[in-house]
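Trainee: Input file: data_13.cif. Contents: mmCIF, C-alpha atoms (C1' of nucleotides).
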data_coords
loop_
_atom_site.label_atom_id
_atom_site.label_comp_id
_atom_site.auth_asym_id
_atom_site.auth_seq_id
_atom_site.Cartn_x
_atom_site.Cartn_y
_atom_site.Cartn_z
CA MET A 1136 0.00 0.00 0.00
CA LYS A 1137 1.28 3.47 -0.88
CA SER A 1138 2.16 5.80 1.94
CA VAL A 1139 -0.49 8.35 0.91
CA ASP A 1140 -3.09 5.61 1.21
CA ILE A 1141 -1.83 4.69 4.65
CA THR A 1142 -2.06 8.30 5.73
CA HIS A 1143 -5.57 8.53 4.37
CA ARG A 1144 -6.66 5.39 6.12
CA LEU A 1145 -5.17 6.57 9.38
CA ASN A 1146 -7.17 9.79 9.05
CA VAL A 1147 -10.36 7.88 8.38
CA PHE A 1148 -9.57 5.64 11.34
CA GLN A 1149 -9.05 8.61 13.60
CA GLU A 1150 -12.40 10.08 12.60
CA ALA A 1151 -14.05 6.73 13.21
CA CYS A 1152 -12.58 6.58 16.71
CA GLU A 1153 -13.89 10.05 17.48
CA ARG A 1154 -17.33 9.11 16.22
CA LEU A 1155 -17.28 5.95 18.34
CA GLY A 1156 -16.00 7.70 21.44
CA LEU A 1157 -12.73 5.77 21.44
CA LYS A 1158 -9.72 7.73 22.60
CA ILE A 1159 -6.97 8.23 20.08
CA THR A 1160 -3.91 6.80 21.77
CA HIS A 1161 -0.46 6.31 20.32
CA GLN A 1162 -0.75 2.57 20.89
CA ARG A 1163 -4.14 2.32 19.21
CA MET A 1164 -2.95 4.17 16.12
CA GLU A 1165 0.15 2.02 15.77
CA ILE A 1166 -1.77 -1.20 16.25
CA TYR A 1167 -4.22 -0.24 13.53
CA ARG A 1168 -1.38 0.83 11.28
CA ALA A 1169 0.38 -2.51 11.78
CA VAL A 1170 -2.75 -4.42 10.79
CA ILE A 1171 -3.45 -2.51 7.60
CA MET A 1172 0.21 -2.56 6.57
CA THR A 1173 0.46 -6.34 6.92
CA GLU A 1174 -0.90 -8.11 3.88
CA ASN A 1175 -0.94 -11.59 5.30
CA HIS A 1176 -3.55 -11.32 8.06
CA PRO A 1177 -1.33 -11.27 11.13
CA ASP A 1178 -2.12 -12.81 14.47
CA ALA A 1179 -1.88 -10.79 17.69
CA VAL A 1180 1.73 -11.73 18.38
CA SER A 1181 2.87 -10.59 14.92
CA VAL A 1182 1.14 -7.28 15.43
CA TYR A 1183 2.78 -7.03 18.84
CA HIS A 1184 6.28 -7.54 17.41
CA ARG A 1185 5.67 -5.07 14.65
CA VAL A 1186 4.35 -2.37 16.96
CA LYS A 1187 7.14 -3.03 19.47
CA LYS A 1188 9.62 -1.58 16.98
CA ARG A 1189 7.89 1.78 17.27
CA ILE A 1190 6.65 1.56 20.87
CA PRO A 1191 9.10 -0.65 22.76
CA MET A 1192 7.08 -0.66 25.99
CA ILE A 1193 3.84 -1.82 24.36
CA SER A 1194 2.22 -4.71 26.18
CA LEU A 1195 0.76 -7.75 24.50
CA ASP A 1196 -2.43 -7.22 26.43
CA THR A 1197 -2.86 -3.81 24.88
CA VAL A 1198 -2.51 -5.36 21.45
CA TYR A 1199 -5.14 -8.00 22.17
CA ARG A 1200 -7.46 -5.49 23.81
CA ASN A 1201 -7.32 -3.11 20.87
CA LEU A 1202 -7.57 -5.74 18.18
CA LYS A 1203 -10.70 -7.13 19.78
CA LEU A 1204 -12.13 -3.68 20.37
CA LEU A 1205 -11.53 -2.56 16.80
CA ALA A 1206 -13.02 -5.78 15.49
CA LYS A 1207 -16.07 -5.28 17.67
CA HIS A 1208 -16.58 -1.84 16.17
CA GLY A 1209 -16.07 -3.08 12.63
CA LEU A 1210 -12.85 -1.16 11.98
CA ILE A 1211 -10.98 -4.38 11.31
CA SER A 1212 -12.23 -7.94 11.10
CA ILE A 1213 -11.30 -11.34 12.41
CA VAL A 1214 -10.50 -13.90 9.75
CA GLY A 1215 -12.76 -16.93 9.77
CA LEU A 1216 -15.33 -17.69 12.41
CA SER A 1217 -13.55 -16.04 15.36
CA GLN A 1218 -13.80 -19.17 17.48
CA GLU A 1219 -11.59 -19.55 20.49
CA SER A 1220 -11.23 -23.29 20.05
CA LEU A 1221 -11.23 -25.78 17.21
CA ARG A 1222 -14.59 -27.23 16.29
CA PHE A 1223 -15.18 -30.46 14.45
CA ASP A 1224 -17.71 -31.49 11.88
CA GLY A 1225 -18.73 -35.03 11.10
CA ASN A 1226 -20.85 -34.00 8.12
CA MET A 1227 -18.67 -34.57 5.08
CA THR A 1228 -21.38 -33.77 2.53
CA PRO A 1229 -21.12 -30.32 0.91
CA HIS A 1230 -22.62 -27.66 3.15
CA HIS A 1231 -22.04 -24.20 4.54
CA HIS A 1232 -22.10 -22.50 7.92
CA PHE A 1233 -23.92 -19.76 9.74
CA ALA A 1234 -22.04 -18.77 12.91
CA CYS A 1235 -23.19 -16.48 15.68
CA VAL A 1236 -20.39 -14.07 16.56
CA LYS A 1237 -21.70 -13.77 20.10
CA CYS A 1238 -22.47 -17.27 21.37
CA GLY A 1239 -20.58 -19.32 18.80
CA MET A 1240 -23.59 -21.33 17.68
CA ILE A 1241 -23.04 -22.85 14.25
CA ARG A 1242 -25.79 -24.07 11.94
CA ASP A 1243 -25.38 -25.82 8.63
CA PHE A 1244 -27.17 -24.97 5.44
CA ASN A 1245 -26.94 -26.05 1.81
CA SER A 1246 -27.40 -24.13 -1.30
CA PRO A 1247 -27.41 -25.67 -4.76
CA ALA A 1248 -26.47 -22.23 -6.13
CA ILE A 1249 -23.35 -22.13 -4.00
CA GLY A 1250 -22.67 -25.76 -4.78
CA HIS A 1251 -21.06 -25.08 -8.13
CA LEU A 1252 -19.50 -21.74 -7.54
CA PRO A 1253 -16.85 -20.72 -10.00
CA ILE A 1254 -13.56 -20.57 -8.15
CA PRO A 1255 -11.58 -17.76 -9.80
CA GLU A 1256 -8.51 -18.72 -11.81
CA GLU A 1257 -6.47 -16.47 -9.54
CA VAL A 1258 -7.05 -18.88 -6.67
CA LYS A 1259 -5.51 -21.81 -8.50
CA GLY A 1260 -2.31 -19.80 -8.60
CA PHE A 1261 -2.22 -19.81 -4.81
CA GLY A 1262 -2.26 -23.61 -4.58
CA SER A 1263 -4.60 -26.58 -4.77
CA PRO A 1264 -8.04 -26.00 -3.28
CA VAL A 1265 -9.41 -28.90 -1.28
CA SER A 1266 -12.62 -27.60 0.22
CA VAL A 1267 -14.88 -24.60 -0.21
CA HIS A 1268 -17.19 -23.32 2.49
CA LEU A 1269 -19.30 -20.24 2.68
CA GLU A 1270 -19.06 -18.79 6.17
CA VAL A 1271 -21.89 -16.47 7.14
CA LYS A 1272 -21.29 -14.58 10.35
CA GLY A 1273 -24.02 -12.77 12.23
CA LEU A 1274 -26.14 -12.66 15.35
CA CYS A 1275 -28.33 -15.66 16.01
CA ALA A 1276 -31.98 -15.11 16.83
CA THR A 1277 -31.47 -15.81 20.53
CA CYS A 1278 -28.54 -13.43 20.95
CA LYS A 1279 -30.37 -10.75 19.00
CA LYS A 1280 -33.26 -10.95 21.42
CA SER A 1281 -31.09 -10.82 24.52
CA SER A 1282 -29.05 -7.89 23.24
CA ARG A 1283 -32.23 -5.89 22.64
CA ARG A 1284 -33.10 -6.26 26.30
CA ASN A 1285 -30.00 -4.29 27.29
CA MET B 205 -29.82 -39.04 13.06
CA LYS B 206 -31.55 -42.43 13.20
CA SER B 207 -29.75 -45.27 14.94
CA VAL B 208 -29.61 -47.34 11.73
CA ASP B 209 -27.81 -44.45 10.07
CA ILE B 210 -25.35 -44.23 12.94
CA THR B 211 -24.66 -47.94 12.66
CA HIS B 212 -24.12 -47.61 8.96
CA ARG B 213 -21.75 -44.69 9.35
CA LEU B 214 -19.78 -46.54 11.99
CA ASN B 215 -19.39 -49.45 9.59
CA VAL B 216 -18.20 -47.17 6.83
CA PHE B 217 -15.83 -45.53 9.29
CA GLN B 218 -14.43 -48.85 10.35
CA GLU B 219 -13.77 -49.82 6.74
CA ALA B 220 -12.09 -46.47 6.15
CA CYS B 221 -9.81 -47.06 9.13
CA GLU B 222 -8.84 -50.47 7.79
CA ARG B 223 -8.11 -49.01 4.38
CA LEU B 224 -6.00 -46.27 5.97
CA GLY B 225 -4.14 -48.62 8.26
CA LEU B 226 -5.59 -47.06 11.41
CA LYS B 227 -6.27 -49.46 14.23
CA ILE B 228 -9.86 -49.76 15.30
CA THR B 229 -9.81 -48.93 18.97
CA HIS B 230 -12.71 -48.54 21.33
CA GLN B 231 -11.71 -44.94 21.97
CA ARG B 232 -11.46 -44.07 18.29
CA MET B 233 -14.89 -45.50 17.53
CA GLU B 234 -16.52 -43.64 20.39
CA ILE B 235 -14.84 -40.37 19.48
CA TYR B 236 -16.05 -40.63 15.92
CA ARG B 237 -19.51 -41.58 17.12
CA ALA B 238 -19.62 -38.55 19.42
CA VAL B 239 -18.74 -36.21 16.56
CA ILE B 240 -21.33 -37.50 14.12
CA MET B 241 -24.03 -37.62 16.79
CA THR B 242 -23.49 -34.01 17.79
CA GLU B 243 -25.26 -31.64 15.45
CA ASN B 244 -23.68 -28.45 16.67
CA HIS B 245 -20.04 -28.91 15.70
CA PRO B 246 -18.49 -29.69 19.07
CA ASP B 247 -15.07 -28.65 20.24
CA ALA B 248 -12.61 -31.18 21.67
CA VAL B 249 -13.73 -30.71 25.27
CA SER B 250 -17.38 -31.36 24.38
CA VAL B 251 -16.41 -34.54 22.60
CA TYR B 252 -14.32 -35.49 25.61
CA HIS B 253 -17.24 -35.09 28.03
CA ARG B 254 -19.56 -37.01 25.76
CA VAL B 255 -17.17 -39.91 25.30
CA LYS B 256 -16.33 -39.93 29.02
CA LYS B 257 -19.86 -41.21 29.72
CA ARG B 258 -19.07 -44.38 27.80
CA ILE B 259 -15.32 -44.64 28.50
CA PRO B 260 -14.72 -43.03 31.89
CA MET B 261 -10.92 -43.37 31.69
CA ILE B 262 -10.62 -41.64 28.29
CA SER B 263 -7.97 -38.95 28.28
CA LEU B 264 -8.39 -35.52 26.72
CA ASP B 265 -5.19 -36.06 24.80
CA THR B 266 -6.63 -39.12 23.13
CA VAL B 267 -9.60 -37.06 22.03
CA TYR B 268 -7.41 -34.35 20.53
CA ARG B 269 -5.09 -36.85 18.92
CA ASN B 270 -7.91 -38.71 17.24
CA LEU B 271 -9.86 -35.66 16.15
CA LYS B 272 -6.79 -34.26 14.44
CA LEU B 273 -5.89 -37.62 12.93
CA LEU B 274 -9.38 -38.20 11.55
CA ALA B 275 -9.45 -34.67 10.17
CA LYS B 276 -6.09 -35.23 8.50
CA HIS B 277 -7.46 -38.32 6.79
CA GLY B 278 -10.64 -36.57 5.73
CA LEU B 279 -12.99 -38.65 7.87
CA ILE B 280 -14.21 -35.56 9.71
CA SER B 281 -13.41 -31.91 9.11
CA ILE B 282 -12.42 -28.87 11.10
CA VAL B 283 -14.86 -25.99 10.94
CA GLY B 284 -13.40 -22.78 9.52
CA LEU B 285 -9.77 -22.24 8.69
CA SER B 286 -8.29 -24.53 11.37
CA GLN B 287 -6.03 -21.79 12.68
CA GLU B 288 -4.47 -22.12 16.07
CA SER B 289 -4.70 -18.41 16.83
CA LEU B 290 -6.91 -15.49 15.87
CA ARG B 291 -5.89 -13.58 12.76
CA PHE B 292 -6.89 -10.06 11.91
CA ASP B 293 -7.75 -8.39 8.67
CA GLY B 294 -7.56 -4.67 7.97
CA ASN B 295 -9.17 -5.01 4.56
CA MET B 296 -12.82 -4.16 5.06
CA THR B 297 -13.77 -4.30 1.38
CA PRO B 298 -15.61 -7.44 0.27
CA HIS B 299 -13.19 -10.27 -0.38
CA HIS B 300 -12.60 -13.97 0.22
CA HIS B 301 -9.82 -16.18 1.53
CA PHE B 302 -7.62 -18.99 0.38
CA ALA B 303 -5.91 -20.64 3.36
CA CYS B 304 -3.17 -23.25 3.33
CA VAL B 305 -4.02 -26.01 5.77
CA LYS B 306 -0.34 -26.76 6.30
CA CYS B 307 1.47 -23.45 6.79
CA GLY B 308 -1.50 -21.20 7.52
CA MET B 309 -0.79 -18.77 4.72
CA ILE B 310 -3.86 -16.76 3.79
CA ARG B 311 -4.37 -14.95 0.49
CA ASP B 312 -7.25 -12.71 -0.47
CA PHE B 313 -9.23 -12.88 -3.65
CA ASN B 314 -12.38 -11.26 -4.98
CA SER B 315 -15.13 -12.61 -7.06
CA PRO B 316 -17.96 -10.50 -8.40
CA ALA B 317 -19.94 -13.70 -8.89
CA ILE B 318 -19.72 -14.51 -5.19
CA GLY B 319 -20.43 -10.90 -4.35
CA HIS B 320 -24.15 -11.14 -4.93
CA LEU B 321 -24.84 -14.68 -3.95
CA PRO B 322 -28.35 -15.45 -2.90
CA ILE B 323 -28.27 -16.26 0.81
CA PRO B 324 -30.92 -18.97 1.28
CA GLU B 325 -34.08 -18.00 3.16
CA GLU B 326 -33.30 -20.78 5.60
CA VAL B 327 -30.31 -18.80 6.86
CA LYS B 328 -32.38 -15.77 7.80
CA GLY B 329 -34.25 -18.02 10.17
CA PHE B 330 -31.01 -18.64 12.07
CA GLY B 331 -30.45 -14.94 12.74
CA SER B 332 -29.15 -11.78 11.10
CA PRO B 333 -26.23 -12.28 8.75
CA VAL B 334 -23.57 -9.60 8.98
CA SER B 335 -20.78 -10.83 6.72
CA VAL B 336 -20.30 -13.50 4.10
CA HIS B 337 -16.94 -14.96 3.23
CA LEU B 338 -15.96 -17.83 1.02
CA GLU B 339 -13.21 -19.82 2.70
CA VAL B 340 -11.18 -22.00 0.37
CA LYS B 341 -8.88 -24.44 2.10
CA GLY B 342 -6.08 -26.26 0.36
CA LEU B 343 -2.34 -26.68 0.01
CA CYS B 344 -0.40 -23.62 -1.08
CA ALA B 345 2.07 -23.96 -3.94
CA THR B 346 5.07 -23.92 -1.61
CA CYS B 347 3.75 -26.61 0.73
CA LYS B 348 2.71 -28.75 -2.19
CA LYS B 349 6.25 -28.69 -3.51
CA SER B 350 7.85 -29.50 -0.17
CA SER B 351 5.45 -32.38 0.51
CA ARG B 352 6.30 -33.95 -2.85
CA ARG B 353 9.94 -34.10 -1.80
CA ASN B 354 9.09 -36.50 1.02
"C1'" DC C 1247 -5.09 -69.61 19.38
"C1'" DA C 1248 -0.61 -67.61 20.98
"C1'" DT C 1249 2.65 -63.93 20.23
"C1'" DG C 1250 5.42 -60.11 18.88
"C1'" DA C 1251 5.79 -55.64 16.52
"C1'" DT C 1252 3.88 -51.46 16.63
"C1'" DA C 1253 0.21 -48.20 17.06
"C1'" DA C 1254 -2.45 -46.24 20.52
"C1'" DT C 1255 -3.55 -44.90 25.22
"C1'" DA C 1256 -3.65 -42.47 30.08
"C1'" DA C 1257 -1.89 -39.20 32.98
"C1'" DG C 1258 0.19 -35.39 33.90
"C1'" DA C 1259 3.68 -31.95 32.64
"C1'" DA C 1260 4.69 -28.41 29.37
"C1'" DT C 1261 3.61 -25.01 25.99
"C1'" DT C 1262 0.98 -21.51 23.72
"C1'" DA C 1263 -2.81 -18.34 23.27
"C1'" DT C 1264 -5.68 -15.25 25.53
"C1'" DT C 1265 -7.68 -12.74 29.38
"C1'" DC C 1266 -7.73 -10.77 33.95
"C1'" DC C 1267 -6.07 -7.75 37.73
"C1'" DT C 1268 -4.23 -3.59 39.57
"C1'" DA C 1269 -1.85 0.51 39.99
"C1'" DA C 1270 -0.28 4.23 37.22
"C1'" DT C 1271 -0.91 7.19 33.16
"C1'" DT C 1272 -3.15 9.86 29.64
"C1'" DG C 1273 -6.58 11.97 26.35
"C1'" DA C 1274 -10.09 15.21 25.91
"C1'" DG C 1275 -13.77 17.96 27.56
"C1'" DA C 1276 -15.07 21.62 31.20
"C1'" DT D 679 -5.22 23.85 33.71
"C1'" DC D 680 -8.05 20.31 36.06
"C1'" DT D 681 -10.69 16.33 36.31
"C1'" DC D 682 -12.26 11.84 35.34
"C1'" DA D 683 -13.08 8.03 32.71
"C1'" DA D 684 -10.63 5.38 29.45
"C1'" DT D 685 -6.40 3.26 28.62
"C1'" DT D 686 -2.06 1.24 29.55
"C1'" DA D 687 2.04 -1.93 31.32
"C1'" DG D 688 3.24 -5.77 33.60
"C1'" DG D 689 2.63 -9.80 35.50
"C1'" DA D 690 -0.50 -13.37 37.15
"C1'" DA D 691 -4.16 -16.40 35.82
"C1'" DT D 692 -6.84 -19.21 32.75
"C1'" DA D 693 -7.87 -21.97 28.78
"C1'" DA D 694 -6.56 -24.60 24.76
"C1'" DT D 695 -3.47 -27.73 22.83
"C1'" DT D 696 0.61 -30.63 22.56
"C1'" DC D 697 4.36 -33.36 24.43
"C1'" DT D 698 6.56 -37.14 27.23
"C1'" DT D 699 6.75 -41.56 28.96
"C1'" DA D 700 5.42 -45.84 30.63
"C1'" DT D 701 1.84 -49.08 29.71
"C1'" DT D 702 -1.67 -51.47 26.97
"C1'" DA D 703 -4.23 -53.18 22.99
"C1'" DT D 704 -4.70 -54.26 18.06
"C1'" DC D 705 -3.86 -57.26 14.53
"C1'" DA D 706 -0.90 -59.74 11.26
"C1'" DT D 707 1.54 -63.87 11.36
"C1'" DG D 708 2.98 -68.27 12.92
#
Show me this structure written as structure tokens.

Mentor:
Amino acid sequence: MKSVDITHRLNVFQEACERLGLKITHQRMEIYRAVIMTENHPDAVSVYHRVKKRIPMISLDTVYRNLKLLAKHGLISIVGLSQESLRFDGNMTPHHHFACVKCGMIRDFNSPAIGHLPIPEEVKGFGSPVSVHLEVKGLCATCKKSSRRN
Amino acid sequence: MKSVDITHRLNVFQEACERLGLKITHQRMEIYRAVIMTENHPDAVSVYHRVKKRIPMISLDTVYRNLKLLAKHGLISIVGLSQESLRFDGNMTPHHHFACVKCGMIRDFNSPAIGHLPIPEEVKGFGSPVSVHLEVKGLCATCKKSSRRN
DNA sequence: CATGATAATAAGAATTATTCCTAATTGAGA
DNA sequence: TCTCAATTAGGAATAATTCTTATTATCATG
């Protein structure tokens, strides 16, 4: 990404923080910057090491706290289903998943339309695809109800 | 799932183990059975508790070991991208992922076709979808090369 | 059916990822 | 500038997963 783009995105980020009532701290800015500058979807520890070069006293907890906070506010996202532990699936027939971001509930669904999706040529350049799943994230009906009560 | 179906799947599983040279142990059978009988994509600890009712001395390690082994052989699957830690994404424009199951590399791709997929009505009954990602799992070019060497 | 090679297991220690706790610091509005 | 709630650093705590080792069980073969 070009440095003018980075600057622009940092400005947009700053405005978003103001709008959301999040304080604009040095740490928060650098953590965000590290995420958008890293192409390959870093984990928290990678972000930590990267930010440490600019803020040597940064704590890993601060990195985790901000990454989660920013993800919660939709300023960055978590790759995949954001589960804290591995989950297993005995259904080996083609299907897809709906996952609740709050309680972790996962439901299967099929879709003939999705069944024969065209995988772009580009992807074959990355390697050999083995499986294809559509992952729909959202709030399940139960969690939606309980969050309205608050 | 009906009990005749369970029985049938256990038979198929047993044949698969024979074909793959995996020994048919009591623990392995019960672990597989627990996974296919649980609709909601259990994590390892849930499987452990379920199996413990039938094999009180089962160890958690055995559960993990078998779940991973069965997943490796394609007898069950791991939900999502099978990552061991959370990974973050600063790209908030619509895109999809190719993930290498061996080294964890993730690459983005877009697809206009996937962009306006019809989400089945069924899914709206589960809750409110927020994001939709296609997750393609496979072996990346580099890992494919290095595994051929062995 | 006995037996030996080897895969698999139990139990607990070790490792890794993530979150919590607390005291000190800081950003931003009055 | 002053104040206060939000944020931070640092280390302890927790949770998830893997490793180590001694023992046991499976299954091919005699």

Trainee: Please return, as a list of chain:residue names, all residues of chain D lying within 10 Å of chain A when all atoms listed in the file are considered.

Mentor: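 Close to chain A, chain D has D:DA684, D:DT685, D:DT686, D:DA687, D:DG688, D:DA693, D:DA694, D:DT695.
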
Trainee: Next, the residues of the selection above should be written as a short mmCIF file (atom, residue, chain, number, x, y, z; two decimals), in the frame of the given file with C-alpha atoms (C1' of nucleotides).

Mentor:
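part33.cif written:
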data_model
loop_
_atom_site.label_atom_id
_atom_site.label_comp_id
_atom_site.auth_asym_id
_atom_site.auth_seq_id
_atom_site.Cartn_x
_atom_site.Cartn_y
_atom_site.Cartn_z
"C1'" DA D 684 -10.63 5.38 29.45
"C1'" DT D 685 -6.40 3.26 28.62
"C1'" DT D 686 -2.06 1.24 29.55
"C1'" DA D 687 2.04 -1.93 31.32
"C1'" DG D 688 3.24 -5.77 33.60
"C1'" DA D 693 -7.87 -21.97 28.78
"C1'" DA D 694 -6.56 -24.60 24.76
"C1'" DT D 695 -3.47 -27.73 22.83
#

Trainee: Can you tell me, as JSON, numbers by chain, what residues are no more than 12 Å from DC682 in chain D when counting only C-alpha atoms (C1' of nucleotides), ignoring any on the same chain fewer than 2 positions away?

Mentor: {"C": [1272, 1273, 1274, 1275, 1276], "D": [680, 684]}

Trainee: Applied to the shown file, which residues does the PyMOL selection byres ((chain C) within 9 of (chain B)) return, written as a VMD selection string?

Mentor: chain C and resid 1253 to 1257 1263

Trainee: Considering only C-alpha atoms, state which residue in the set A:Arg1154, A:Arg1242, A:Arg1185, A:Lys1280 is at the smallest distance from chain B.

Mentor: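 Residue with the minimum atom-to-atom distance to chain B: A:Arg1242.
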
Trainee: Compile a residue-level contact table for chain B against chain A at a cut-off of 8 Å, reporting for every qualifying residue the shortest atom pair and its distance in Å to one decimal, with only C-alpha atoms counted, rows ordered by chain and ascending number, as a Markdown table.

Mentor:
| residue | atom | partner | partner_atom | distance |
| --- | --- | --- | --- | --- |
| B:Tyr236 | CA | A:Gly1225 | CA | 7.9 |
| B:Val239 | CA | A:Gly1225 | CA | 5.6 |
| B:Ile240 | CA | A:Gly1225 | CA | 4.7 |
| B:Asn244 | CA | A:Ile1241 | CA | 6.1 |
| B:His245 | CA | A:Asp1224 | CA | 5.2 |
| B:Pro246 | CA | A:Arg1222 | CA | 5.4 |
| B:Asp247 | CA | A:Arg1222 | CA | 4.2 |
| B:Ala248 | CA | A:Arg1222 | CA | 7.0 |
| B:Leu271 | CA | A:Phe1223 | CA | 7.6 |
| B:Leu279 | CA | A:Gly1225 | CA | 7.5 |
| B:Ile280 | CA | A:Gly1225 | CA | 4.8 |
| B:Ser281 | CA | A:Asp1224 | CA | 5.1 |
| B:Ile282 | CA | A:Phe1223 | CA | 4.6 |
| B:Val283 | CA | A:Arg1222 | CA | 5.5 |
| B:Gly284 | CA | A:Gly1215 | CA | 5.9 |
| B:Leu285 | CA | A:Gly1215 | CA | 6.2 |
| B:Ser286 | CA | A:Leu1221 | CA | 6.7 |
| B:Gln287 | CA | A:Leu1221 | CA | 8.0 |
| B:Glu288 | CA | A:Leu1221 | CA | 7.8 |
| B:Ser289 | CA | A:Asp1178 | CA | 6.6 |
| B:Leu290 | CA | A:Asp1178 | CA | 5.7 |
| B:Arg291 | CA | A:Asp1178 | CA | 4.2 |
| B:Phe292 | CA | A:Ile1213 | CA | 4.6 |
| B:Asp293 | CA | A:Ser1212 | CA | 5.1 |
| B:Gly294 | CA | A:Ile1171 | CA | 4.7 |
| B:Asn295 | CA | A:Ile1171 | CA | 6.9 |
| B:Met296 | CA | A:Ile1211 | CA | 6.5 |
| B:Phe302 | CA | A:Val1258 | CA | 7.1 |
| B:Cys304 | CA | A:Gly1262 | CA | 8.0 |
| B:Met309 | CA | A:Asn1175 | CA | 7.2 |
| B:Ile310 | CA | A:Asn1175 | CA | 6.1 |
| B:Arg311 | CA | A:Asn1175 | CA | 6.8 |
| B:Phe313 | CA | A:Val1258 | CA | 7.1 |
| B:Ser315 | CA | A:Pro1255 | CA | 6.8 |
| B:Ala317 | CA | A:Pro1253 | CA | 7.7 |
| B:Ile318 | CA | A:Leu1252 | CA | 7.6 |
| B:Leu321 | CA | A:Ile1249 | CA | 7.6 |
| B:Pro322 | CA | A:Ala1248 | CA | 7.7 |
| B:Pro324 | CA | A:Ser1246 | CA | 6.8 |
| B:Glu326 | CA | A:Phe1244 | CA | 7.4 |
| B:Val327 | CA | A:Phe1244 | CA | 7.1 |
| B:Gly329 | CA | A:Ala1276 | CA | 7.6 |
| B:Phe330 | CA | A:Cys1275 | CA | 5.6 |
| B:Gly331 | CA | A:Cys1275 | CA | 4.0 |
| B:Ser332 | CA | A:Leu1274 | CA | 5.3 |
| B:Pro333 | CA | A:Gly1273 | CA | 4.2 |
| B:Val334 | CA | A:Gly1273 | CA | 4.6 |
| B:Ser335 | CA | A:Lys1272 | CA | 5.2 |
| B:Val336 | CA | A:Val1271 | CA | 4.5 |
| B:His337 | CA | A:Glu1270 | CA | 5.3 |
| B:Leu338 | CA | A:Leu1269 | CA | 4.4 |
| B:Glu339 | CA | A:His1268 | CA | 5.3 |
| B:Val340 | CA | A:Val1267 | CA | 4.6 |
| B:Lys341 | CA | A:Ser1266 | CA | 5.2 |
| B:Gly342 | CA | A:Pro1264 | CA | 4.1 |
| B:Leu343 | CA | A:Ser1263 | CA | 5.3 |
| B:Cys344 | CA | A:Gly1262 | CA | 4.0 |
| B:Ala345 | CA | A:Gly1262 | CA | 4.4 |
| B:Thr346 | CA | A:Gly1262 | CA | 7.9 |
| B:Lys348 | CA | A:Gly1262 | CA | 7.5 |

Trainee: CA of Leu1204 in chain A and C1' of DT681 in chain D are how many Å apart?

Mentor: 25.6 Å

Trainee: If you measure from C1' of DT701 in chain D to C1' of DG1258 in chain C, what distance in Å do you get, rounded to one decimal?

Mentor: 14.4 Å

Trainee: Would you pull range 1163-1174 of chain A out of the block just shown and save N, CA and C atoms as an mmCIF file, in the first residue's frame?

Mentor:
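In the end it all went to decode.cif:
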data_model
loop_
_atom_site.group_PDB
_atom_site.id
_atom_site.type_symbol
_atom_site.label_atom_id
_atom_site.label_comp_id
_atom_site.auth_asym_id
_atom_site.auth_seq_id
_atom_site.Cartn_x
_atom_site.Cartn_y
_atom_site.Cartn_z
ATOM 1 N N ARG A 1163 -3.023 2.701 20.072
ATOM 2 C CA ARG A 1163 -4.142 2.316 19.209
ATOM 3 C C ARG A 1163 -3.848 2.627 17.747
ATOM 4 N N MET A 1164 -3.280 3.795 17.492
ATOM 5 C CA MET A 1164 -2.955 4.168 16.115
ATOM 6 C C MET A 1164 -1.922 3.209 15.513
ATOM 7 N N GLU A 1165 -0.905 2.886 16.294
ATOM 8 C CA GLU A 1165 0.150 2.021 15.766
ATOM 9 C C GLU A 1165 -0.327 0.590 15.549
ATOM 10 N N ILE A 1166 -1.222 0.144 16.413
ATOM 11 C CA ILE A 1166 -1.771 -1.201 16.252
ATOM 12 C C ILE A 1166 -2.596 -1.272 14.959
ATOM 13 N N TYR A 1167 -3.417 -0.274 14.759
ATOM 14 C CA TYR A 1167 -4.220 -0.241 13.534
ATOM 15 C C TYR A 1167 -3.315 -0.191 12.305
ATOM 16 N N ARG A 1168 -2.334 0.688 12.373
ATOM 17 C CA ARG A 1168 -1.376 0.832 11.279
ATOM 18 C C ARG A 1168 -0.692 -0.496 10.962
ATOM 19 N N ALA A 1169 -0.299 -1.221 11.994
ATOM 20 C CA ALA A 1169 0.379 -2.505 11.781
ATOM 21 C C ALA A 1169 -0.543 -3.496 11.062
ATOM 22 N N VAL A 1170 -1.819 -3.478 11.431
ATOM 23 C CA VAL A 1170 -2.747 -4.425 10.795
ATOM 24 C C VAL A 1170 -2.939 -4.089 9.321
ATOM 25 N N ILE A 1171 -3.167 -2.821 9.012
ATOM 26 C CA ILE A 1171 -3.452 -2.510 7.602
ATOM 27 C C ILE A 1171 -2.188 -2.582 6.739
ATOM 28 N N MET A 1172 -1.019 -2.471 7.357
ATOM 29 C CA MET A 1172 0.207 -2.562 6.568
ATOM 30 C C MET A 1172 0.661 -3.999 6.341
ATOM 31 N N THR A 1173 0.057 -4.935 7.061
ATOM 32 C CA THR A 1173 0.461 -6.339 6.918
ATOM 33 C C THR A 1173 -0.526 -7.050 6.010
ATOM 34 N N GLU A 1174 -0.018 -7.499 4.876
ATOM 35 C CA GLU A 1174 -0.898 -8.109 3.881
ATOM 36 C C GLU A 1174 -1.453 -9.447 4.348
#
